[in-house]
file protein12.txt (compact mmCIF, C-alpha atoms)
# COMPACT_ATOMS: atom_id res chain seq x y z
CA MET C 300 24.43 -55.40 47.12
CA GLN C 301 24.20 -58.21 49.67
CA SER C 302 21.08 -60.30 49.94
CA GLN C 303 18.74 -59.54 52.80
CA ASN C 304 19.26 -62.87 54.57
CA THR C 305 23.04 -62.43 54.88
CA SER C 306 23.05 -58.85 56.10
CA TRP C 307 24.10 -57.79 59.58
CA VAL C 308 21.73 -54.83 59.32
CA THR C 309 18.47 -56.76 58.88
CA GLY C 310 15.98 -55.62 61.53
CA LYS C 311 18.31 -52.91 62.81
CA THR C 312 17.64 -49.16 62.86
CA VAL C 313 19.63 -46.95 60.50
CA MET C 314 19.61 -43.14 60.33
CA ILE C 315 20.86 -41.40 57.17
CA THR C 316 21.26 -37.64 56.79
CA GLY C 317 20.75 -36.09 53.38
CA ALA C 318 18.56 -39.04 52.46
CA ASN C 319 16.17 -37.45 49.97
CA SER C 320 18.60 -37.57 47.03
CA GLY C 321 21.90 -38.90 45.70
CA ILE C 322 24.03 -41.19 47.84
CA GLY C 323 21.72 -40.83 50.83
CA LYS C 324 18.63 -42.00 48.95
CA ALA C 325 20.53 -44.78 47.17
CA GLY C 326 21.90 -45.93 50.52
CA ALA C 327 18.42 -45.84 52.04
CA ILE C 328 17.13 -48.04 49.21
CA GLY C 329 19.98 -50.52 49.59
CA LEU C 330 19.64 -50.80 53.36
CA ALA C 331 15.82 -50.90 53.35
CA ARG C 332 16.06 -53.69 50.78
CA MET C 333 18.16 -55.63 53.30
CA GLY C 334 15.46 -55.25 55.92
CA ALA C 335 16.86 -52.30 57.88
CA LYS C 336 14.46 -49.96 59.65
CA THR C 337 15.52 -46.84 57.81
CA VAL C 338 15.15 -43.29 59.16
CA MET C 339 15.61 -40.73 56.38
CA ILE C 340 16.71 -37.23 57.44
CA SER C 341 15.88 -34.30 55.17
CA ARG C 342 15.31 -30.58 55.58
CA ASP C 343 12.44 -30.44 53.05
CA PRO C 344 9.24 -32.30 54.10
CA VAL C 345 7.84 -32.48 50.55
CA LYS C 346 11.05 -33.86 49.04
CA ALA C 347 11.45 -36.18 52.01
CA GLU C 348 8.04 -37.79 51.54
CA ALA C 349 8.60 -38.15 47.79
CA ALA C 350 11.95 -39.83 48.48
CA ARG C 351 10.38 -42.11 51.10
CA THR C 352 7.80 -43.25 48.56
CA GLU C 353 10.58 -43.97 46.08
CA VAL C 354 12.59 -45.89 48.67
CA LEU C 355 9.58 -48.01 49.60
CA GLN C 356 8.84 -48.81 45.96
CA ALA C 357 12.44 -49.57 45.04
CA SER C 358 13.26 -51.63 48.13
CA GLY C 359 10.01 -53.51 48.70
CA ALA C 360 10.30 -52.59 52.39
CA ARG C 361 7.31 -52.52 54.71
CA VAL C 362 5.69 -49.09 55.05
CA ASP C 363 6.45 -48.94 58.79
CA ASP C 364 10.12 -49.72 58.22
CA VAL C 365 10.94 -46.51 56.33
CA SER C 366 10.32 -43.21 58.09
CA VAL C 367 11.21 -39.55 57.68
CA MET C 368 12.47 -36.97 60.17
CA ILE C 369 12.99 -33.32 59.31
CA ALA C 370 16.12 -31.36 60.22
CA ASP C 371 18.17 -28.54 58.73
CA LEU C 372 21.87 -29.15 59.25
CA ALA C 373 22.51 -25.43 58.83
CA SER C 374 20.90 -24.96 62.24
CA MET C 375 22.19 -26.43 65.49
CA ASP C 376 18.79 -25.88 67.08
CA SER C 377 17.27 -28.04 64.35
CA VAL C 378 19.89 -30.76 64.90
CA ARG C 379 19.21 -30.71 68.63
CA ARG C 380 15.47 -31.06 68.00
CA LEU C 381 16.12 -34.01 65.70
CA ALA C 382 18.20 -35.78 68.32
CA LYS C 383 15.69 -35.00 71.08
CA ASP C 384 12.74 -36.26 69.01
CA PHE C 385 14.54 -39.45 68.00
CA LEU C 386 15.61 -40.21 71.56
CA ALA C 387 12.06 -39.55 72.77
CA SER C 388 10.81 -42.23 70.38
CA ASP C 389 12.62 -44.87 72.45
CA ARG C 390 14.00 -46.57 69.35
CA PRO C 391 17.47 -48.09 69.30
CA LEU C 392 20.04 -46.77 66.83
CA HIS C 393 22.42 -49.28 65.28
CA VAL C 394 23.82 -47.31 62.34
CA LEU C 395 24.28 -43.57 61.85
CA VAL C 396 25.29 -42.43 58.36
CA ASN C 397 26.52 -38.82 58.33
CA ASN C 398 26.05 -38.16 54.63
CA ALA C 399 24.50 -34.72 54.01
CA GLY C 400 26.83 -32.23 52.36
CA LEU C 401 27.11 -29.26 50.06
CA ILE C 402 29.57 -26.96 48.33
CA LEU C 403 29.01 -23.23 47.85
CA GLY C 404 30.56 -20.91 45.30
CA SER C 405 30.52 -17.98 47.71
CA ARG C 406 30.79 -17.68 51.48
CA LYS C 407 27.48 -17.89 53.31
CA VAL C 408 26.77 -17.81 57.03
CA THR C 409 24.20 -19.91 58.91
CA PRO C 410 21.84 -18.54 61.59
CA ASP C 411 24.44 -19.83 64.07
CA GLY C 412 26.96 -17.36 62.63
CA LEU C 413 29.12 -20.12 61.13
CA GLU C 414 30.34 -20.68 57.59
CA THR C 415 27.71 -22.90 55.95
CA THR C 416 29.94 -25.55 54.35
CA PHE C 417 31.81 -26.18 57.60
CA GLU C 418 28.63 -26.41 59.65
CA VAL C 419 26.54 -28.54 57.27
CA ASN C 420 29.27 -30.94 56.12
CA TYR C 421 31.01 -31.43 59.42
CA LEU C 422 30.03 -29.52 62.54
CA SER C 423 26.33 -30.48 62.63
CA HIS C 424 27.30 -34.12 62.13
CA PHE C 425 29.75 -33.82 65.02
CA LEU C 426 26.90 -32.47 67.15
CA LEU C 427 24.33 -35.04 65.99
CA THR C 428 26.72 -37.95 66.56
CA ASN C 429 27.54 -36.83 70.08
CA LEU C 430 23.89 -36.26 70.97
CA LEU C 431 23.01 -39.78 69.78
CA LEU C 432 26.12 -41.46 71.18
CA GLY C 433 24.44 -42.71 74.33
CA ASN C 434 21.81 -44.46 72.23
CA LEU C 435 24.43 -45.92 69.89
CA LYS C 436 26.36 -47.31 72.86
CA ALA C 437 23.21 -48.76 74.42
CA SER C 438 22.31 -50.34 71.05
CA ALA C 439 25.77 -51.80 70.48
CA PRO C 440 27.12 -53.38 68.42
CA SER C 441 26.56 -50.27 66.34
CA ARG C 442 28.27 -48.33 63.58
CA ILE C 443 28.90 -44.72 62.56
CA ILE C 444 29.78 -43.91 58.95
CA ASN C 445 31.09 -40.48 57.94
CA VAL C 446 30.88 -39.71 54.23
CA SER C 447 34.09 -37.85 53.45
CA SER C 448 35.94 -37.47 50.13
CA HIS C 449 39.31 -37.72 48.44
CA ALA C 450 39.00 -33.94 48.37
CA HIS C 451 40.48 -34.02 51.86
CA ASN C 452 43.87 -34.70 50.25
CA GLY C 453 45.94 -31.53 50.16
CA ALA C 454 43.73 -29.81 52.70
CA SER C 455 44.79 -28.65 56.14
CA MET C 456 42.84 -27.40 59.14
CA ASN C 457 43.18 -23.63 59.25
CA PHE C 458 42.42 -23.21 62.94
CA ASP C 459 43.10 -19.48 62.69
CA ASP C 460 40.34 -19.08 60.11
CA LEU C 461 38.04 -22.11 60.22
CA GLN C 462 35.09 -20.02 59.09
CA GLY C 463 36.80 -18.49 56.06
CA GLU C 464 36.29 -14.96 57.37
CA ARG C 465 39.69 -13.72 56.25
CA SER C 466 39.88 -15.67 53.03
CA TYR C 467 37.21 -17.87 51.46
CA SER C 468 37.79 -20.43 48.73
CA MET C 469 35.01 -22.76 47.61
CA MET C 470 37.24 -25.81 47.23
CA LYS C 471 39.39 -25.06 50.28
CA SER C 472 36.29 -24.79 52.43
CA TYR C 473 34.82 -28.02 51.06
CA SER C 474 38.12 -29.91 51.32
CA GLN C 475 38.68 -28.69 54.88
CA SER C 476 35.21 -29.91 55.88
CA LYS C 477 35.98 -33.36 54.45
CA LEU C 478 39.35 -33.45 56.19
CA ALA C 479 37.51 -32.57 59.40
CA GLN C 480 35.29 -35.63 58.86
CA VAL C 481 38.33 -37.95 58.68
CA LEU C 482 40.00 -36.36 61.72
CA PHE C 483 36.70 -36.65 63.61
CA THR C 484 36.47 -40.31 62.61
CA ARG C 485 39.92 -41.11 63.96
CA GLU C 486 39.51 -39.21 67.23
CA LEU C 487 36.04 -40.64 67.85
CA ALA C 488 37.35 -44.16 67.22
CA GLU C 489 39.91 -43.61 69.98
CA ARG C 490 37.24 -42.36 72.37
CA LEU C 491 34.96 -45.32 71.58
CA LYS C 492 37.47 -48.06 72.31
CA GLY C 493 35.85 -50.82 74.34
CA THR C 494 32.27 -49.71 73.58
CA ASP C 495 31.50 -51.98 70.59
CA VAL C 496 30.66 -48.88 68.56
CA THR C 497 32.74 -48.50 65.41
CA VAL C 498 33.25 -45.41 63.27
CA ASN C 499 34.70 -45.22 59.77
CA ALA C 500 35.00 -42.65 57.00
CA VAL C 501 34.33 -43.34 53.33
CA HIS C 502 35.14 -41.83 49.95
CA PRO C 503 32.10 -42.60 47.75
CA GLY C 504 33.74 -41.62 44.46
CA ALA C 505 32.82 -38.92 41.95
CA VAL C 506 29.07 -39.38 42.03
CA ALA C 507 26.52 -37.89 39.64
CA THR C 508 24.13 -36.30 42.16
CA ASN C 509 22.65 -32.81 42.55
CA TRP C 510 25.80 -31.81 44.46
CA GLY C 511 26.97 -28.41 43.17
CA THR C 512 24.27 -28.12 40.53
CA HIS C 513 22.63 -25.14 42.20
CA SER C 514 25.85 -23.15 42.47
CA ALA C 515 26.78 -20.42 40.06
CA GLY C 516 29.89 -19.81 37.99
CA LEU C 517 32.70 -22.27 37.37
CA LEU C 518 31.48 -24.89 39.82
CA SER C 519 28.15 -25.25 38.04
CA PHE C 520 29.96 -25.42 34.70
CA PHE C 521 32.40 -28.13 35.79
CA VAL C 522 29.62 -30.18 37.41
CA ARG C 523 27.57 -30.11 34.21
CA VAL C 524 30.55 -30.98 32.01
CA GLY C 525 31.78 -33.76 34.30
CA HIS C 526 28.35 -35.26 35.00
CA PRO C 527 28.45 -37.85 32.17
CA PHE C 528 31.77 -39.20 33.47
CA MET C 529 30.65 -39.67 37.08
CA ILE C 530 29.36 -42.87 38.66
CA GLY C 531 25.70 -43.25 39.62
CA PRO C 532 24.39 -42.79 43.16
CA GLU C 533 23.95 -46.55 43.68
CA LYS C 534 27.63 -47.22 42.97
CA GLY C 535 28.54 -44.22 45.12
CA ALA C 536 26.49 -45.64 47.99
CA ASP C 537 27.95 -49.15 47.66
CA THR C 538 30.74 -48.75 50.23
CA VAL C 539 28.40 -46.89 52.59
CA VAL C 540 25.93 -49.80 52.42
CA TYR C 541 28.81 -52.28 52.81
CA LEU C 542 30.09 -50.55 55.96
CA ALA C 543 26.57 -50.41 57.38
CA SER C 544 25.69 -54.02 56.69
CA SER C 545 28.63 -56.38 56.24
CA PRO C 546 29.81 -58.68 59.05
CA ASP C 547 33.26 -58.47 57.44
CA VAL C 548 33.83 -54.99 58.90
CA ALA C 549 32.39 -55.63 62.35
CA ASN C 550 35.70 -54.78 64.02
CA ALA C 551 36.97 -52.13 61.60
CA THR C 552 37.15 -48.68 63.19
CA GLY C 553 38.98 -45.41 62.63
CA GLU C 554 39.56 -46.35 58.99
CA TYR C 555 39.12 -44.56 55.66
CA PHE C 556 37.38 -46.77 53.09
CA VAL C 557 37.43 -46.58 49.30
CA LYS C 558 35.67 -49.21 47.16
CA ARG C 559 35.14 -51.43 50.22
CA ARG C 560 38.84 -51.38 51.15
CA ALA C 561 40.60 -49.49 53.91
CA GLU C 562 43.14 -47.03 52.49
CA HIS C 563 45.54 -44.51 53.97
CA PRO C 564 44.09 -41.01 54.14
CA SER C 565 46.30 -37.94 53.79
CA LYS C 566 49.13 -37.23 56.22
CA GLU C 567 47.13 -34.30 57.64
CA ALA C 568 44.21 -36.67 58.30
CA THR C 569 46.39 -38.82 60.59
CA ASP C 570 47.69 -35.91 62.70
CA GLU C 571 46.62 -36.85 66.25
CA ALA C 572 47.26 -33.38 67.66
CA SER C 573 45.13 -31.82 64.95
CA ALA C 574 42.34 -34.35 65.58
CA LYS C 575 42.29 -33.59 69.30
CA LYS C 576 42.38 -29.84 68.72
CA LEU C 577 39.54 -30.08 66.20
CA TRP C 578 37.48 -32.05 68.72
CA ASP C 579 37.98 -29.38 71.40
CA VAL C 580 37.15 -26.55 68.98
CA SER C 581 34.08 -28.42 67.71
CA ALA C 582 32.86 -29.10 71.25
CA ARG C 583 33.13 -25.40 72.01
CA LEU C 584 31.39 -24.29 68.81
CA THR C 585 28.52 -26.72 69.33
CA GLY C 586 28.17 -26.07 73.06
CA LEU C 587 29.17 -29.61 74.03
CA ALA C 588 31.53 -30.36 76.89
CA SER C 589 34.90 -31.48 75.51

call {"tool": "encode", "arguments": {"input": "protein12.txt", "output": "structure tokens"}}
result
Amino acid sequence: MQSQNTSWVTGKTVMITGANSGIGKAGAIGLARMGAKTVMISRDPVKAEAARTEVLQASGARVDDVSVMIADLASMDSVRRLAKDFLASDRPLHVLVNNAGLILGSRKVTPDGLETTFEVNYLSHFLLTNLLLGNLKASAPSRIINVSSHAHNGASMNFDDLQGERSYSMMKSYSQSKLAQVLFTRELAERLKGTDVTVNAVHPGAVATNWGTHSAGLLSFFVRVGHPFMIGPEKGADTVVYLASSPDVANATGEYFVKRRAEHPSKEATDEASAKKLWDVSARLTGLAS
């Protein structure tokens, strides 16, 4: 981790989704330690407050510099309320970390009628980012970080069945959502040219978090077996913290980062036509103008 006095993020406002555990909480600790004003997003108020206490203790941050906001990314109404409440607070936003994610062993549908993995991992972050984009531009220079995964390799966007209604596969759904994050990153970077707002995707590594631990069947088994061989949340959050704080990546945008280095994502993730189509479909599904 960088020292507080060399960090670009000192004194700046950072929002992190999925911040009550795993990579999100580790990232919140790292950034709060650097002096960032950290806004932790969680769907569970009790877990959120417990995590905030832990972040304050671990980072040594001032009490007023770490706050909690509640939102359920399985609900677009909840995401809209989050954005509305944050904008009403009149705070700037310098860094948005779209981190929250899950994987489900069986197909589930949100109250919005959408497949849960696709909505939570990608679509709600697409909505949140767009709702906060005006603030990010006004606060520029600012940064957006999308937590993706190497799982996007081998995936393709099934535009004829994005919601897995015809055929659902746990890993295909998860991988597609992470591919969507990279495509979103690249298309948004194009749209943000000249604004001094950057956007990058990151692969955090195989991290030992509570990801997948509440699923049944083979997924739960493989997570338990593989847990001892995974890296810890702090190491998993390292590149996220680096992208949020380092002056070295001030001009990097539209990239896919692994271990602090830009790497080439999959061929599918660089398909411009697919990225534009996904944007249009996402705008329609979220009720945003394309």

call {"tool": "residues_around", "arguments": {"input": "protein12.txt", "residues": "Phe556 (chain C)", "least_positions_apart": "4", "cutoff": "12 Å", "atoms": "only C-alpha atoms", "output": "PyMOL selection string"}}
result
chain C and resi 444-449+481+484+498-504+537-542+548+551-552+560-564

call {"tool": "atom_distance", "arguments": {"input": "protein12.txt", "atom1": "CA of Lys407 (chain C)", "atom2": "CA of Ser565 (chain C)"}}
result
27.5 Å

call {"tool": "closest_residue", "arguments": {"input": "protein12.txt", "among": "C:Arg332, C:His393, C:Lys477, C:Arg379", "to": "Gly359 (chain C)", "atoms": "all atoms listed in the file"}}
result
C:Arg332

call {"tool": "atom_distance", "arguments": {"input": "protein12.txt", "atom1": "CA of Asp364 (chain C)", "atom2": "CA of Ala387 (chain C)"}}
result
17.9 Å

call {"tool": "residues_around", "arguments": {"input": "protein12.txt", "residues": "Gln480 (chain C)", "least_positions_apart": "3", "cutoff": "12 Å", "atoms": "all atoms listed in the file", "output": "JSON, numbers by chain"}}
result
{"C": [397, 398, 399, 400, 417, 418, 419, 420, 421, 422, 423, 424, 425, 428, 443, 444, 445, 446, 447, 448, 449, 450, 451, 454, 456, 473, 474, 475, 476, 477, 483, 484, 485, 486, 487, 498, 499, 500, 501, 502, 553, 554, 555, 564, 567, 568, 569, 574, 577, 578, 581]}
